[in-house]
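As stored in run-v7.cif (mmCIF, C-alpha atoms):
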data_start
loop_
_atom_site.label_atom_id
_atom_site.label_comp_id
_atom_site.auth_asym_id
_atom_site.auth_seq_id
_atom_site.Cartn_x
_atom_site.Cartn_y
_atom_site.Cartn_z
CA MET A 1 -99.74 -43.85 -55.92
CA THR A 2 -99.62 -41.25 -58.67
CA VAL A 3 -96.45 -41.47 -60.75
CA ARG A 4 -94.74 -38.12 -61.15
CA GLU A 5 -92.07 -36.96 -63.53
CA GLY A 6 -88.50 -37.14 -62.26
CA SER A 7 -86.62 -33.94 -61.61
CA LEU A 8 -84.52 -32.54 -64.46
CA GLU A 9 -82.18 -30.84 -62.00
CA ALA A 10 -78.83 -32.36 -61.03
CA PRO A 11 -79.12 -34.79 -58.11
CA THR A 12 -77.99 -33.52 -54.74
CA ARG A 13 -77.35 -35.26 -51.44
CA HIS A 14 -78.59 -34.16 -48.03
CA PRO A 15 -76.30 -34.45 -45.00
CA ILE A 16 -76.72 -37.61 -42.93
CA ASP A 17 -78.45 -36.34 -39.79
CA TRP A 18 -77.04 -39.08 -37.57
CA LYS A 19 -76.46 -36.89 -34.52
CA ASN A 20 -80.16 -36.11 -34.31
CA PRO A 21 -81.91 -38.51 -31.85
CA GLN A 22 -84.80 -38.77 -34.33
CA PHE A 23 -82.39 -40.53 -36.72
CA PHE A 24 -82.43 -43.56 -34.39
CA ASP A 25 -86.16 -43.50 -33.58
CA GLU A 26 -87.48 -46.89 -34.67
CA LYS A 27 -91.05 -45.78 -35.38
CA ALA A 28 -89.86 -42.82 -37.46
CA LEU A 29 -87.54 -45.14 -39.37
CA GLU A 30 -90.34 -47.63 -39.97
CA THR A 31 -92.57 -44.87 -41.33
CA GLU A 32 -89.85 -43.66 -43.71
CA LEU A 33 -89.06 -47.20 -44.86
CA GLU A 34 -92.71 -47.77 -45.70
CA ARG A 35 -92.90 -44.46 -47.59
CA VAL A 36 -89.81 -45.17 -49.66
CA PHE A 37 -90.65 -48.83 -50.26
CA ASP A 38 -94.04 -47.75 -51.56
CA ILE A 39 -92.39 -45.40 -54.07
CA CYS A 40 -89.97 -48.14 -55.14
CA HIS A 41 -92.82 -50.64 -55.52
CA GLY A 42 -94.62 -48.21 -57.84
CA CYS A 43 -91.52 -47.75 -59.98
CA ARG A 44 -89.46 -50.97 -59.98
CA ARG A 45 -86.71 -49.52 -62.20
CA CYS A 46 -83.97 -50.82 -59.89
CA VAL A 47 -85.02 -54.47 -59.93
CA SER A 48 -81.86 -55.57 -61.75
CA LEU A 49 -79.31 -53.80 -59.57
CA CYS A 50 -78.93 -55.95 -56.47
CA GLY A 51 -80.86 -58.25 -54.16
CA ALA A 52 -82.57 -55.53 -52.13
CA PHE A 53 -85.16 -54.57 -54.73
CA PRO A 54 -86.15 -58.09 -55.84
CA ARG A 55 -86.58 -59.00 -52.17
CA LEU A 56 -88.78 -55.95 -51.60
CA PHE A 57 -90.92 -56.69 -54.63
CA ASP A 58 -91.24 -60.36 -53.66
CA LEU A 59 -92.43 -59.32 -50.21
CA VAL A 60 -95.01 -57.03 -51.82
CA ASP A 61 -96.19 -59.74 -54.21
CA GLU A 62 -96.43 -62.26 -51.35
CA SER A 63 -98.39 -59.90 -49.07
CA PRO A 64 -102.18 -60.23 -48.65
CA THR A 65 -102.77 -56.67 -49.90
CA LEU A 66 -100.21 -56.83 -52.74
CA GLU A 67 -98.97 -53.50 -51.42
CA VAL A 68 -96.23 -52.42 -49.01
CA ASP A 69 -98.77 -51.99 -46.19
CA GLY A 70 -99.30 -55.75 -46.26
CA ILE A 71 -95.65 -56.57 -45.46
CA PRO A 72 -94.99 -57.42 -41.79
CA LYS A 73 -92.69 -54.67 -40.53
CA GLU A 74 -90.16 -57.15 -39.15
CA LYS A 75 -89.54 -58.32 -42.72
CA PHE A 76 -88.24 -54.89 -43.75
CA LYS A 77 -84.88 -56.04 -42.41
CA GLU A 78 -84.69 -58.64 -45.18
CA VAL A 79 -84.50 -55.77 -47.68
CA VAL A 80 -81.99 -53.80 -45.60
CA ASP A 81 -79.68 -56.81 -45.28
CA GLN A 82 -79.50 -57.17 -49.07
CA CYS A 83 -78.20 -53.61 -49.51
CA TYR A 84 -74.42 -53.24 -49.52
CA LEU A 85 -74.42 -49.47 -50.12
CA CYS A 86 -73.10 -49.54 -53.67
CA ASP A 87 -75.12 -46.35 -54.36
CA MET A 88 -75.98 -47.38 -57.91
CA CYS A 89 -79.73 -46.99 -57.44
CA TYR A 90 -79.20 -43.38 -56.40
CA MET A 91 -76.66 -42.61 -59.11
CA THR A 92 -78.03 -44.37 -62.17
CA LYS A 93 -81.69 -45.33 -61.85
CA CYS A 94 -83.84 -43.44 -59.37
CA PRO A 95 -85.80 -40.48 -60.82
CA TYR A 96 -86.94 -39.35 -57.37
CA VAL A 97 -83.67 -38.35 -55.73
CA PRO A 98 -83.33 -34.81 -54.30
CA PRO A 99 -84.20 -32.15 -55.37
CA HIS A 100 -87.32 -34.09 -56.44
CA PRO A 101 -90.00 -33.42 -53.78
CA TRP A 102 -90.23 -37.14 -52.97
CA ASN A 103 -86.66 -36.80 -51.64
CA LEU A 104 -85.68 -40.44 -52.04
CA ASP A 105 -82.21 -41.59 -51.00
CA PHE A 106 -82.48 -45.36 -50.79
CA PRO A 107 -78.83 -46.11 -49.86
CA HIS A 108 -78.73 -43.62 -47.01
CA LEU A 109 -82.09 -44.86 -45.75
CA MET A 110 -80.62 -48.36 -45.70
CA LEU A 111 -77.60 -46.93 -43.86
CA ARG A 112 -79.96 -45.41 -41.29
CA ALA A 113 -81.71 -48.76 -40.85
CA LYS A 114 -78.35 -50.51 -40.40
CA ALA A 115 -77.33 -47.86 -37.85
CA VAL A 116 -80.55 -48.33 -35.86
CA GLU A 117 -80.05 -52.10 -35.92
CA PHE A 118 -76.41 -51.76 -34.86
CA ARG A 119 -77.21 -49.41 -31.98
CA LYS A 120 -79.94 -51.76 -30.74
CA HIS A 121 -78.29 -55.15 -31.24
CA GLY A 122 -74.65 -54.56 -32.16
CA ALA A 123 -73.09 -56.86 -34.76
CA ARG A 124 -72.17 -60.52 -34.74
CA PHE A 125 -68.53 -61.37 -34.11
CA ARG A 126 -67.95 -62.28 -37.77
CA ASP A 127 -69.00 -58.83 -38.97
CA ARG A 128 -66.99 -56.96 -36.34
CA PHE A 129 -64.00 -59.18 -37.16
CA LEU A 130 -64.14 -58.67 -40.93
CA SER A 131 -64.68 -54.91 -40.64
CA SER A 132 -61.70 -54.36 -38.31
CA THR A 133 -59.23 -54.12 -41.18
CA ASP A 134 -56.46 -52.34 -39.26
CA THR A 135 -56.56 -54.80 -36.38
CA LEU A 136 -56.53 -57.76 -38.77
CA GLY A 137 -53.73 -56.24 -40.82
CA ARG A 138 -51.49 -55.46 -37.87
CA PHE A 139 -51.95 -58.92 -36.39
CA ALA A 140 -51.53 -60.74 -39.69
CA GLY A 141 -48.46 -58.59 -40.44
CA ILE A 142 -46.40 -60.49 -37.86
CA PRO A 143 -44.23 -62.70 -40.12
CA ILE A 144 -45.04 -66.07 -38.56
CA VAL A 145 -48.73 -65.13 -38.36
CA THR A 146 -48.70 -63.99 -42.00
CA ALA A 147 -47.37 -67.34 -43.17
CA THR A 148 -49.92 -69.19 -41.03
CA VAL A 149 -52.90 -67.08 -42.14
CA ASN A 150 -51.96 -67.36 -45.81
CA ALA A 151 -51.54 -71.13 -45.53
CA VAL A 152 -54.89 -71.49 -43.76
CA ASN A 153 -56.57 -69.44 -46.49
CA GLN A 154 -55.50 -72.07 -49.02
CA THR A 155 -56.53 -75.13 -47.00
CA GLY A 156 -59.91 -76.67 -47.71
CA ALA A 157 -60.36 -78.05 -44.19
CA ALA A 158 -59.50 -74.72 -42.60
CA ARG A 159 -61.84 -72.88 -44.97
CA ALA A 160 -64.64 -75.26 -44.04
CA LEU A 161 -63.95 -74.63 -40.36
CA MET A 162 -64.02 -70.85 -40.91
CA GLU A 163 -67.34 -71.21 -42.70
CA LYS A 164 -68.78 -73.14 -39.78
CA THR A 165 -67.40 -70.92 -37.01
CA LEU A 166 -67.21 -67.47 -38.63
CA GLY A 167 -69.72 -67.67 -41.45
CA VAL A 168 -67.11 -66.89 -44.13
CA ASP A 169 -68.05 -68.89 -47.21
CA ALA A 170 -65.48 -71.60 -47.91
CA ARG A 171 -65.79 -71.01 -51.67
CA ALA A 172 -65.18 -67.26 -51.57
CA TRP A 173 -61.91 -65.74 -52.73
CA ARG A 174 -60.10 -63.98 -49.90
CA PRO A 175 -56.90 -61.92 -49.94
CA SER A 176 -53.53 -63.00 -48.63
CA TYR A 177 -51.45 -60.83 -46.32
CA ALA A 178 -48.14 -59.33 -47.43
CA GLN A 179 -44.90 -60.21 -45.69
CA THR A 180 -43.89 -56.53 -45.76
CA ARG A 181 -46.42 -53.76 -45.39
CA PHE A 182 -46.46 -50.96 -47.92
CA ARG A 183 -45.90 -48.22 -45.35
CA SER A 184 -43.00 -50.14 -43.81
CA ALA A 185 -41.26 -50.47 -47.17
CA VAL A 186 -41.49 -46.79 -48.17
CA ARG A 187 -38.82 -44.65 -46.60
CA GLY A 188 -40.00 -41.12 -47.11
CA PRO A 189 -40.77 -38.57 -49.83
CA ALA A 190 -39.29 -38.91 -53.28
CA ALA A 191 -36.79 -36.28 -54.39
CA SER A 192 -38.69 -34.86 -57.34
CA GLU A 193 -39.03 -31.39 -58.68
CA VAL A 194 -42.13 -29.23 -58.90
CA ARG A 195 -42.59 -27.52 -62.25
CA ASP A 196 -44.00 -24.08 -62.76
CA GLY A 197 -47.44 -23.41 -64.18
CA GLU A 198 -49.09 -26.57 -62.94
CA ARG A 199 -52.88 -26.39 -62.73
CA THR A 200 -53.24 -29.76 -61.04
CA PRO A 201 -51.60 -29.87 -57.60
CA GLY A 202 -47.91 -30.43 -58.28
CA LYS A 203 -47.30 -32.59 -55.24
CA VAL A 204 -49.08 -35.68 -53.97
CA ALA A 205 -49.76 -37.26 -50.59
CA ILE A 206 -50.51 -40.98 -50.57
CA TYR A 207 -53.20 -42.37 -48.30
CA SER A 208 -52.14 -46.02 -48.38
CA THR A 209 -55.50 -47.74 -47.59
CA CYS A 210 -55.71 -50.94 -45.54
CA TYR A 211 -55.81 -53.18 -48.60
CA VAL A 212 -52.68 -51.76 -50.19
CA ASN A 213 -50.82 -51.55 -46.90
CA TYR A 214 -51.58 -55.06 -45.65
CA ASN A 215 -52.62 -57.17 -48.65
CA GLU A 216 -51.21 -55.99 -51.99
CA PRO A 217 -48.48 -53.40 -51.37
CA GLY A 218 -47.36 -53.78 -54.98
CA ILE A 219 -50.26 -51.56 -56.04
CA GLY A 220 -48.89 -48.76 -53.88
CA HIS A 221 -45.37 -49.23 -55.23
CA ASP A 222 -46.77 -49.13 -58.77
CA LEU A 223 -48.40 -45.77 -58.02
CA LEU A 224 -45.14 -44.38 -56.62
CA ALA A 225 -43.21 -45.60 -59.66
CA ILE A 226 -45.69 -43.86 -61.97
CA LEU A 227 -45.43 -40.61 -60.00
CA ASP A 228 -41.62 -40.78 -60.00
CA HIS A 229 -41.60 -41.45 -63.74
CA ASN A 230 -43.71 -38.32 -64.24
CA ARG A 231 -41.60 -36.28 -61.81
CA VAL A 232 -44.50 -35.70 -59.42
CA PRO A 233 -43.25 -35.20 -55.84
CA TRP A 234 -44.96 -37.43 -53.32
CA ARG A 235 -45.03 -38.31 -49.67
CA LEU A 236 -46.96 -40.70 -47.47
CA VAL A 237 -49.56 -39.43 -45.06
CA ASP A 238 -47.79 -39.39 -41.68
CA LYS A 239 -50.53 -41.24 -39.81
CA GLU A 240 -53.55 -43.10 -41.08
CA ALA A 241 -56.22 -45.57 -40.02
CA CYS A 242 -58.95 -47.39 -41.93
CA CYS A 243 -61.11 -44.99 -43.93
CA GLY A 244 -64.20 -46.29 -42.11
CA MET A 245 -66.10 -47.79 -45.05
CA PRO A 246 -66.31 -51.33 -43.53
CA LYS A 247 -67.74 -49.87 -40.32
CA LEU A 248 -70.13 -47.65 -42.30
CA GLU A 249 -71.49 -50.73 -44.06
CA LEU A 250 -72.25 -52.22 -40.63
CA GLY A 251 -74.04 -49.07 -39.49
CA ASP A 252 -71.42 -48.52 -36.77
CA LEU A 253 -71.35 -44.74 -37.14
CA ASP A 254 -69.55 -44.13 -33.85
CA ALA A 255 -66.65 -46.26 -35.09
CA VAL A 256 -66.64 -44.25 -38.33
CA ALA A 257 -66.40 -41.06 -36.27
CA ALA A 258 -63.50 -42.48 -34.24
CA LEU A 259 -61.56 -43.35 -37.42
CA LYS A 260 -62.35 -39.92 -38.84
CA ALA A 261 -60.77 -38.37 -35.74
CA VAL A 262 -57.51 -40.19 -36.56
CA ASN A 263 -57.45 -39.57 -40.30
CA ILE A 264 -58.77 -36.08 -40.87
CA PRO A 265 -56.25 -33.90 -38.94
CA PRO A 266 -53.13 -35.05 -40.88
CA LEU A 267 -55.05 -35.16 -44.17
CA ALA A 268 -56.47 -31.67 -43.65
CA ALA A 269 -53.00 -30.32 -42.90
CA LEU A 270 -51.72 -31.76 -46.18
CA ALA A 271 -54.74 -30.42 -48.07
CA ARG A 272 -54.04 -26.91 -46.78
CA GLU A 273 -50.38 -27.25 -47.81
CA GLY A 274 -51.55 -27.77 -51.39
CA TYR A 275 -51.16 -31.52 -51.73
CA ALA A 276 -53.40 -33.65 -53.89
CA ILE A 277 -54.34 -36.68 -51.78
CA LEU A 278 -54.50 -39.98 -53.67
CA ALA A 279 -55.90 -43.33 -52.54
CA ALA A 280 -55.71 -46.36 -54.82
CA ILE A 281 -58.90 -48.04 -53.54
CA PRO A 282 -62.12 -46.34 -54.75
CA SER A 283 -64.13 -47.12 -51.60
CA CYS A 284 -61.57 -45.20 -49.53
CA THR A 285 -61.57 -42.25 -51.93
CA LEU A 286 -65.37 -42.22 -51.86
CA MET A 287 -65.39 -42.24 -48.07
CA PHE A 288 -63.45 -38.97 -47.97
CA LYS A 289 -65.19 -37.44 -50.98
CA GLN A 290 -68.79 -38.23 -50.01
CA GLU A 291 -69.67 -40.14 -46.86
CA LEU A 292 -67.59 -38.28 -44.28
CA PRO A 293 -68.52 -34.85 -45.74
CA LEU A 294 -72.19 -35.84 -45.49
CA MET A 295 -71.77 -37.13 -41.94
CA PHE A 296 -69.81 -34.03 -40.86
CA PRO A 297 -71.07 -31.22 -43.14
CA ASP A 298 -69.95 -28.43 -40.79
CA ASP A 299 -66.42 -29.71 -40.23
CA ALA A 300 -64.06 -27.46 -42.19
CA ASP A 301 -61.24 -30.01 -42.07
CA VAL A 302 -63.45 -32.72 -43.56
CA GLN A 303 -64.48 -30.38 -46.36
CA ALA A 304 -60.85 -29.44 -47.03
CA VAL A 305 -59.94 -33.11 -47.39
CA LYS A 306 -62.91 -33.64 -49.69
CA ALA A 307 -61.63 -30.89 -52.01
CA ALA A 308 -58.10 -32.34 -52.04
CA MET A 309 -58.99 -36.02 -52.52
CA TRP A 310 -58.39 -37.53 -55.98
CA ASP A 311 -58.83 -40.89 -57.57
CA PRO A 312 -55.35 -41.72 -58.99
CA PHE A 313 -56.56 -41.83 -62.59
CA GLU A 314 -58.62 -38.69 -62.14
CA TYR A 315 -55.34 -37.04 -61.16
CA LEU A 316 -53.26 -38.58 -63.95
CA VAL A 317 -55.79 -37.64 -66.63
CA ALA A 318 -55.85 -34.08 -65.30
CA ARG A 319 -52.04 -33.97 -65.46
CA ASN A 320 -52.20 -35.16 -69.04
CA LYS A 321 -54.65 -32.38 -69.91
CA ASP A 322 -52.18 -29.94 -68.37
CA GLY A 323 -49.52 -31.31 -70.73
CA LEU A 324 -47.45 -32.61 -67.82
CA LEU A 325 -47.72 -36.37 -68.31
CA ASP A 326 -45.24 -38.66 -70.04
CA THR A 327 -47.20 -40.64 -72.64
CA GLY A 328 -44.18 -42.46 -74.03
CA PHE A 329 -45.46 -45.94 -73.27
CA LYS A 330 -43.08 -48.72 -74.26
CA VAL A 331 -45.05 -51.93 -73.71
CA PRO A 332 -48.46 -52.66 -75.31
CA LEU A 333 -50.96 -54.29 -72.97
CA GLY A 334 -52.84 -56.35 -75.54
CA LYS A 335 -56.45 -57.11 -74.68
CA VAL A 336 -57.62 -55.70 -71.33
CA SER A 337 -61.04 -56.35 -69.82
CA TYR A 338 -61.54 -53.43 -67.46
CA HIS A 339 -64.30 -53.29 -64.83
CA VAL A 340 -65.60 -49.93 -63.55
CA PRO A 341 -66.36 -50.45 -59.84
CA CYS A 342 -69.50 -49.01 -58.27
CA HIS A 343 -67.62 -46.84 -55.79
CA GLY A 344 -65.65 -45.39 -58.69
CA ARG A 345 -68.80 -44.55 -60.63
CA VAL A 346 -70.37 -42.85 -57.61
CA GLN A 347 -67.56 -40.28 -57.56
CA ASN A 348 -68.98 -38.65 -60.71
CA ILE A 349 -65.58 -38.25 -62.34
CA GLY A 350 -66.30 -40.18 -65.52
CA ARG A 351 -64.33 -43.16 -66.80
CA LYS A 352 -60.90 -41.77 -66.02
CA THR A 353 -59.15 -45.13 -65.81
CA GLU A 354 -60.54 -46.14 -69.19
CA GLU A 355 -59.52 -42.77 -70.63
CA PHE A 356 -55.97 -43.25 -69.40
CA LEU A 357 -55.57 -46.85 -70.53
CA LYS A 358 -56.66 -45.84 -74.03
CA LEU A 359 -53.49 -43.75 -74.24
CA VAL A 360 -51.40 -46.94 -74.33
CA PRO A 361 -50.70 -47.97 -77.96
CA GLN A 362 -51.65 -51.44 -79.23
CA THR A 363 -54.06 -51.92 -76.36
CA THR A 364 -57.66 -53.06 -76.84
CA LEU A 365 -60.01 -52.20 -74.01
CA ASN A 366 -63.24 -53.99 -73.15
CA THR A 367 -64.93 -51.83 -70.51
CA VAL A 368 -67.65 -53.36 -68.32
CA GLU A 369 -69.71 -50.97 -66.20
CA ARG A 370 -71.87 -53.09 -63.93
CA CYS A 371 -71.74 -54.22 -60.30
CA SER A 372 -69.57 -57.30 -59.77
CA GLY A 373 -71.55 -58.27 -56.67
CA HIS A 374 -68.56 -58.47 -54.32
CA SER A 375 -68.94 -55.30 -52.25
CA GLY A 376 -66.15 -55.65 -49.71
CA THR A 377 -67.01 -58.11 -46.95
CA TRP A 378 -70.60 -58.73 -48.12
CA GLY A 379 -69.68 -61.14 -50.90
CA VAL A 380 -67.57 -63.44 -48.72
CA LYS A 381 -70.30 -64.08 -46.13
CA LYS A 382 -71.88 -67.52 -46.23
CA GLU A 383 -75.43 -66.21 -46.48
CA TYR A 384 -74.61 -63.86 -49.38
CA HIS A 385 -71.77 -65.41 -51.40
CA ALA A 386 -74.05 -67.32 -53.79
CA GLN A 387 -76.04 -64.10 -54.28
CA ALA A 388 -72.82 -62.18 -54.96
CA MET A 389 -71.86 -64.69 -57.64
CA LYS A 390 -75.32 -64.49 -59.19
CA ILE A 391 -75.23 -60.68 -59.31
CA GLY A 392 -71.79 -60.80 -60.88
CA LYS A 393 -72.52 -63.39 -63.56
CA PRO A 394 -73.28 -60.86 -66.35
CA VAL A 395 -70.01 -59.12 -65.47
CA PHE A 396 -68.09 -62.41 -65.52
CA ARG A 397 -69.39 -63.20 -69.01
CA SER A 398 -68.67 -59.72 -70.33
CA MET A 399 -65.17 -59.64 -68.85
CA ALA A 400 -64.33 -63.04 -70.36
CA LYS A 401 -65.32 -61.85 -73.84
CA ASP A 402 -62.63 -62.35 -76.53
CA SER A 403 -60.21 -64.09 -74.13
CA PRO A 404 -58.44 -61.01 -72.71
CA ASP A 405 -54.81 -60.93 -71.63
CA TRP A 406 -55.67 -59.06 -68.44
CA LEU A 407 -58.58 -58.62 -66.03
CA SER A 408 -58.49 -55.29 -64.26
CA SER A 409 -60.61 -53.22 -61.88
CA ASP A 410 -59.82 -50.20 -59.73
CA CYS A 411 -61.37 -52.30 -56.94
CA GLN A 412 -58.88 -55.14 -56.60
CA LEU A 413 -61.34 -57.20 -54.54
CA ALA A 414 -63.79 -57.00 -57.45
CA GLY A 415 -61.01 -58.04 -59.83
CA HIS A 416 -60.30 -61.24 -57.93
CA HIS A 417 -64.02 -61.91 -57.49
CA ILE A 418 -64.47 -61.57 -61.26
CA ALA A 419 -61.59 -63.96 -61.91
CA GLN A 420 -63.22 -66.52 -59.60
CA GLY A 421 -66.54 -66.01 -61.36
CA ILE A 422 -64.99 -66.53 -64.79
CA ALA A 423 -63.30 -69.72 -63.61
CA GLU A 424 -66.66 -71.04 -62.41
CA LEU A 425 -68.73 -70.09 -65.45
CA ASP A 426 -70.37 -73.13 -67.02
CA THR A 427 -71.25 -71.44 -70.32
CA GLY A 428 -70.47 -68.10 -71.88
CA GLY A 429 -66.99 -67.89 -70.37
CA LEU A 430 -63.58 -68.54 -71.88
CA PRO A 431 -62.94 -71.10 -74.63
CA ALA A 432 -62.55 -74.67 -73.42
CA GLY A 433 -59.13 -75.21 -71.87
CA ALA A 434 -58.24 -71.52 -71.73
CA ALA A 435 -56.65 -70.23 -68.53
CA VAL A 436 -58.29 -67.43 -66.57
CA PRO A 437 -56.43 -64.19 -67.43
CA LYS A 438 -54.18 -62.57 -64.86
CA VAL A 439 -55.70 -60.01 -62.51
CA ALA A 440 -53.80 -56.72 -62.37
CA HIS A 441 -54.79 -53.37 -60.91
CA PRO A 442 -54.90 -50.60 -63.55
CA LEU A 443 -51.94 -48.91 -61.83
CA THR A 444 -49.97 -52.13 -62.29
CA LEU A 445 -50.88 -52.14 -65.99
CA VAL A 446 -49.70 -48.55 -66.38
CA ARG A 447 -46.37 -49.37 -64.76
CA ILE A 448 -46.01 -52.29 -67.16
CA ALA A 449 -46.89 -50.04 -70.10
CA TYR A 450 -44.20 -47.57 -69.06
CA GLY A 451 -41.70 -50.43 -68.92
CA LEU A 452 -40.79 -49.59 -65.32
#
When written as structure tokens, how does the structure in this file appear?
Amino acid sequence: MTVREGSLEAPTRHPIDWKNPQFFDEKALETELERVFDICHGCRRCVSLCGAFPRLFDLVDESPTLEVDGIPKEKFKEVVDQCYLCDMCYMTKCPYVPPHPWNLDFPHLMLRAKAVEFRKHGARFRDRFLSSTDTLGRFAGIPIVTATVNAVNQTGAARALMEKTLGVDARAWRPSYAQTRFRSAVRGPAASEVRDGERTPGKVAIYSTCYVNYNEPGIGHDLLAILDHNRVPWRLVDKEACCGMPKLELGDLDAVAALKAVNIPPLAALAREGYAILAAIPSCTLMFKQELPLMFPDDADVQAVKAAMWDPFEYLVARNKDGLLDTGFKVPLGKVSYHVPCHGRVQNIGRKTEEFLKLVPQTTLNTVERCSGHSGTWGVKKEYHAQAMKIGKPVFRSMAKDSPDWLSSDCQLAGHHIAQGIAELDTGGLPAGAAVPKVAHPLTLVRIAYGL
């Protein structure tokens, strides 16, 4: 293969042509996988990102031809299974993304392969179970069930049983369920005023997300407290379901479409009323900013939601630039190790959380911009947990640097995964005898800094 120069134009993304029958044609997919794998083999820039590329290159090096054409086609799935759609190869490494004529979009090719596999074979019970976040949340939200589930999560014997029956690694951190859901505890819009001359949308709609609603509602309450403190009117989205990211990662595109049908109408109505829509979990924000618009490029409602969707810190930084943010922070945060999650980086908004936290006086920030290896449900699965911990080890060491007071990530799952990784580090972690720092979402840290 002749190596060509990468394009100097800004990367672009083609729509996901999943409604075209050719998208699911196995021979066409196999041909495209071989083409792209051959380009990746000739480049190898992404070898350090995740397990997909090392597995591909090992397969090449083990093949009789030492080329992609020597890999048995059934082994392509071993590469696909290592991809958890973090998008970092597309965003940070690959010189051949569109508009380059080689037109390489590795993550969306992996998504296509997952979709073909799902349509042909479905998914194992474990994967369908873990990706059904609304169903799990509603069931676990029953008080007696919540107490039982949380107790089981902390029991070694029960964890071992779940590993054996479900394939959820007994060593993996997993979230507890809240006694009171976020949406149940919030009783309607705040009575705040809208000020004149606002360039950022002067009113906010909150898309709760499954994680905030069912697992850590405090993050949502922290966001509302910050908005109230800054006199930004807010309301909850009237009706919402899972954003669809867990189903997307399975390749279950029909389930993604079904969730889109629930979420988009109320969100589009709010977008057209001039609301900024905020979601505190970056994977959910990304779903509405990128994946759904690429799956439904001709849907005007989807595009309206895309235009109205904000990362919370993207919004707060914009408000500050408009001169409409209270920066009278009362409580220093000390030393904060902050992790930039992959699905935050993919949004192309810059380091907005870091930019905001630097406004807090007497606060030292250690920013780590590298994949933690967790990736939603991928990192808790028995066959991948050890790999997730290996991928995250450089992050664990960097986050533990200088014994911080706080560990923080916009992706709360990554934050807890990092804390587990730091606790398990043999060398290069915290000083002997030091406790693992507390994990707090950046919104929680801002509320603390305001003294609210």
Quick one: residues within 7 Å of range 75-82 of chain A, all atoms listed in the file counted, chain neighbours fewer than 2 positions away excluded, as JSON, numbers by chain?
-> {"A": [51, 52, 55, 56, 71, 72, 73, 84, 110, 113]}
Export, as an mmCIF file, in the frame of the given file, the selected residues with C-alpha atoms.
data_model
loop_
_atom_site.group_PDB
_atom_site.id
_atom_site.type_symbol
_atom_site.label_atom_id
_atom_site.label_comp_id
_atom_site.auth_asym_id
_atom_site.auth_seq_id
_atom_site.Cartn_x
_atom_site.Cartn_y
_atom_site.Cartn_z
ATOM 1 C CA GLY A 51 -80.860 -58.250 -54.160
ATOM 2 C CA ALA A 52 -82.570 -55.530 -52.130
ATOM 3 C CA ARG A 55 -86.580 -59.000 -52.170
ATOM 4 C CA LEU A 56 -88.780 -55.950 -51.600
ATOM 5 C CA ILE A 71 -95.650 -56.570 -45.460
ATOM 6 C CA PRO A 72 -94.990 -57.420 -41.790
ATOM 7 C CA LYS A 73 -92.690 -54.670 -40.530
ATOM 8 C CA TYR A 84 -74.420 -53.240 -49.520
ATOM 9 C CA MET A 110 -80.620 -48.360 -45.700
ATOM 10 C CA ALA A 113 -81.710 -48.760 -40.850
#
Counting all atoms listed in the file, the option among A:Tyr177, A:Phe125, A:Tyr315, A:Phe24 closest to Val204 in chain A = A:Tyr315
Residues returned when the PyMOL selection byres ((chain A and resi 256-260) around 8) runs on this file, as a VMD selection string | chain A and resid 241 to 245 247 to 248 252 to 255 261 to 264 292
Can I get the selection written as a tab-separated table (two decimals), in the coordinates of the input, with C-alpha atoms?
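In the end it all went to selection03.tsv:
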chain	number	residue	atom	x	y	z
A	241	ALA	CA	-56.22	-45.57	-40.02
A	242	CYS	CA	-58.95	-47.39	-41.93
A	243	CYS	CA	-61.11	-44.99	-43.93
A	244	GLY	CA	-64.20	-46.29	-42.11
A	245	MET	CA	-66.10	-47.79	-45.05
A	247	LYS	CA	-67.74	-49.87	-40.32
A	248	LEU	CA	-70.13	-47.65	-42.30
A	252	ASP	CA	-71.42	-48.52	-36.77
A	253	LEU	CA	-71.35	-44.74	-37.14
A	254	ASP	CA	-69.55	-44.13	-33.85
A	255	ALA	CA	-66.65	-46.26	-35.09
A	261	ALA	CA	-60.77	-38.37	-35.74
A	262	VAL	CA	-57.51	-40.19	-36.56
A	263	ASN	CA	-57.45	-39.57	-40.30
A	264	ILE	CA	-58.77	-36.08	-40.87
A	292	LEU	CA	-67.59	-38.28	-44.28
Explicit residue set for the PyMOL selection byres ((chain A and resi 174) around 10), as a PyMOL selection string = chain A and resi 150+153-154+168-173+175-177+377+380+413+416-417
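Distances from A:Asn230, A:Ser283, A:Gln22, A:Ser372 to Leu452 in chain A were compared using only C-alpha atoms, and the smallest one belongs to A:Asn230.
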Exercise: Pro437 in chain A partners within 7 Å, only C-alpha atoms, chain neighbours under 5 positions left out, as a short mmCIF file (atom, residue, chain, number, x, y, z; two decimals) with C-alpha atoms, keeping the file's coordinate frame:
data_model
loop_
_atom_site.label_atom_id
_atom_site.label_comp_id
_atom_site.auth_asym_id
_atom_site.auth_seq_id
_atom_site.Cartn_x
_atom_site.Cartn_y
_atom_site.Cartn_z
CA PRO A 404 -58.44 -61.01 -72.71
CA ASP A 405 -54.81 -60.93 -71.63
CA TRP A 406 -55.67 -59.06 -68.44
CA LEU A 407 -58.58 -58.62 -66.03
#
Give as an MDAnalysis selection string each residue that has an atom at most 12 Å from (-49.1, -49.7, -61.6) in the file, counting only C-alpha atoms.
-> chainID A and resid 216:229 280 312:313 353 357 408 410 440:452
A:Lys401, A:Glu369, A:Tyr207, A:Lys382 ranked by distance to Ala308 in chain A, top pick (using all atoms listed in the file) = A:Tyr207
Nearest to Thr12 in chain A among A:Gly42, A:Gly421, A:Pro361, A:Pro98, with distances taken over only C-alpha atoms: which residue is it?
->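 Nearest to Thr12 in chain A: A:Pro98.
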